[in-house]
Amino acid sequence: MPGQPERPFLLVLTSHWLSMVGVALVTLAGFSWLFALPADIRGNVQNPYIGLLVFIAIPVLFFAGLVLIAIGVMLARRRVIQRLDTLPDRQAAWRRAGIFFGVMTLANVVIGSQLTYRSVEHMETVQFCGQSCHVMKPEFTAHLAAPHQEVSCAACHIAPGATGWLHAKMAGTKQLMAVTFNNFPRPIESGLESNRLVSSAATCEQCHARELVIGSRLRIKTNYKDDEANTPTKTVLMMRVGGGKIGGIHGAHMGAGVHIRYAAQDKKRQTIPWVEYTNTNSGVTRTYLAAGVKPDAASALPVFEMQCVDCHNRAAHSFETPDHAVDAAIASGRIAADLPFVKKTGIQRIKASYRNDEEAGQKIPAGLAAFYQQKYPDVSSKRATDIQAAAAGLLAAYRGNVFPDLKVTWGTYPNNLGHADDPGCFRCHDENHATPDKKTITQDCNTCHQLLAVEETSPEILKTLGIDNAPVSVRK
């Protein structure tokens, strides 16, 4: 306006602390972006979670800084008019701005080269994925068990390359908003349910080769009966894992030229009415329909290409059944095997419904102690330490598989590897899926394994092999 003193923008910009904070945030975000974005675009940073930093955190800082600059400038205009005679001259303002930007540049170089890298490095860890977000507690807990506990979450759940991180960022943003507004599903959907699976070629097969001939593997499973003595039994079988050209489980499903597609009726993919088998090497193509299903069934259902995770769906996050959990605790010595009826009573305790983890922590030990006080008073008085240890083992089994606040309980996440506890193999191998010419998907036990002993207390085969004291396996 005519007659009004000149208000140089630089003077206005440097005359209020809010605008200076805004400039600091803008320069911080700008320098961080310059450090992180080129490396991400060139593919030099393998961790896809860098996108959270590049496309969410840094832009938020940048625009917050712009807002603060605008507010600071508006507030400073009045101050400049009222105190123009006492404010530094233009030369002093330039000198002050130069010092400020020089200091900020040096700080941003340090921050951009060190803290940005460290934050990206931290976001690659299992602790960040599993513990920073409380909704992932069940998956984090299950991931602590072998054999993939040393593999980072990003290595399996984020596909490599630009397309992979783009999809991950979009999905991650939705998940972050769901957690923020507390409207995420309980329980959290598995990869099969949400249909957010990364192809096995981009994940599993970075370490595991489908062409590799594995052959057969001896497996020994130990279980305990629910009788008073908790009688141990062993099941011994040879798994025809196969692989490559020799067939077996892997060769039949993932061998050279083999392609299998299937349609699923439910999100967990437990009901499969339509299967298509194609072998490009032999030229064989067959379509199998479950009993009572019409030929056009697949047209109205989602169709998937079979990959590793269709069977190994809990490879790094395997939850147990109550029976397996107690067996594992007994086999490892956490629960004394000679406590009468500890298997049966223990399962009853951990299968009961509890409102929260705190209630389970009280009632599981109390319930076990009460059982021995009422039924076996001598055992209760003489073996109090063993009973307390057994209660701790039961509580650990419960807390490793049940999370009431997230509605995760026994059986929430079916395991498709095998068929003892969940449908698994029998989703297709049930003799009810047939082609028009009546060829069925076999359910012959010997196709996948050879049973050498079934729940025997002292299998002769183990004595013959000289491994009757072999380590036990009670997990799936």
# chains A, B, ... in the order shown; residues from 1 in each chain; ligands from 1
call {"tool": "select_by_dssp", "arguments": {"residues": "stretch 98-341 of chain A", "states": "alpha helix (DSSP H)", "output": "count of residues only"}}
result
79
call {"tool": "residues_around", "arguments": {"residues": "A:Arg269", "least_positions_apart": "4", "cutoff": "12 Å", "atoms": "only C-alpha atoms", "output": "MDAnalysis selection string"}}
result
chainID A and resid 190:195 262:265 273:274 301:304 306 309:311 313 413:416 422:425 427:428
call {"tool": "closest_atom_pairs", "arguments": {"of": "stretch 228-293 of chain A", "to": "stretch 344-355 of chain A", "cutoff": "12 Å", "atoms": "only C-alpha atoms", "output": "tab-separated table"}}
result
residue	atom	partner	partner_atom	distance
A:Glu228	CA	A:Lys344	CA	8.4
A:Ala229	CA	A:Lys344	CA	10.3
A:Asn230	CA	A:Lys344	CA	8.2
A:Thr231	CA	A:Lys344	CA	11.3
call {"tool": "write_last_selection", "arguments": {"atoms": "C-alpha atoms", "output": "mmCIF file, in the first residue's frame"}}
result
data_model
loop_
_atom_site.group_PDB
_atom_site.id
_atom_site.type_symbol
_atom_site.label_atom_id
_atom_site.label_comp_id
_atom_site.auth_asym_id
_atom_site.auth_seq_id
_atom_site.Cartn_x
_atom_site.Cartn_y
_atom_site.Cartn_z
ATOM 1 C CA GLU A 228 -3.272 -91.450 33.702
ATOM 2 C CA ALA A 229 0.292 -92.344 32.678
ATOM 3 C CA ASN A 230 0.364 -89.972 29.684
ATOM 4 C CA THR A 231 1.605 -92.949 27.694
#
call {"tool": "closest_residue", "arguments": {"among": "A:Gly248, A:Pro185, A:Pro340, A:Pro232", "to": "A:Leu212", "atoms": "only C-alpha atoms"}}
result
A:Gly248
call {"tool": "residues_around", "arguments": {"residues": "A:Leu339", "least_positions_apart": "6", "cutoff": "12 Å", "atoms": "only C-alpha atoms", "output": "PyMOL selection string"}}
result
chain A and resi 226-231+330+333+345-346+368-369+371-372+375-376+378-380+382-391
call {"tool": "residues_around", "arguments": {"residues": "stretch 437-443 of chain A", "least_positions_apart": "5", "cutoff": "8 Å", "atoms": "only C-alpha atoms", "output": "list in words"}}
result
Tyr288, Phe426, Cys428, His429, Asp430, Glu431 and Asn432 of chain A
call {"tool": "write_last_selection", "arguments": {"atoms": "N, CA and C atoms", "output": "tab-separated table (two decimals), in the first residue's frame"}}
result
chain	number	residue	atom	x	y	z
A	288	TYR	N	-10.92	-81.31	-12.68
A	288	TYR	CA	-11.60	-82.09	-11.65
A	288	TYR	C	-12.66	-81.24	-10.97
A	426	PHE	N	-6.50	-82.91	2.03
A	426	PHE	CA	-7.81	-83.47	1.68
A	426	PHE	C	-8.76	-82.43	1.07
A	428	CYS	N	-8.31	-81.28	-1.71
A	428	CYS	CA	-8.37	-81.78	-3.10
A	428	CYS	C	-8.28	-83.29	-3.15
A	429	HIS	N	-7.40	-83.88	-2.31
A	429	HIS	CA	-7.17	-85.33	-2.34
A	429	HIS	C	-8.21	-86.04	-1.46
A	430	ASP	N	-9.44	-86.09	-1.97
A	430	ASP	CA	-10.52	-86.69	-1.19
A	430	ASP	C	-11.28	-87.76	-1.97
A	431	GLU	N	-10.80	-88.10	-3.16
A	431	GLU	CA	-11.46	-89.08	-4.03
A	431	GLU	C	-12.83	-88.60	-4.51
A	432	ASN	N	-13.21	-87.37	-4.17
A	432	ASN	CA	-14.49	-86.83	-4.60
A	432	ASN	C	-14.35	-85.82	-5.73
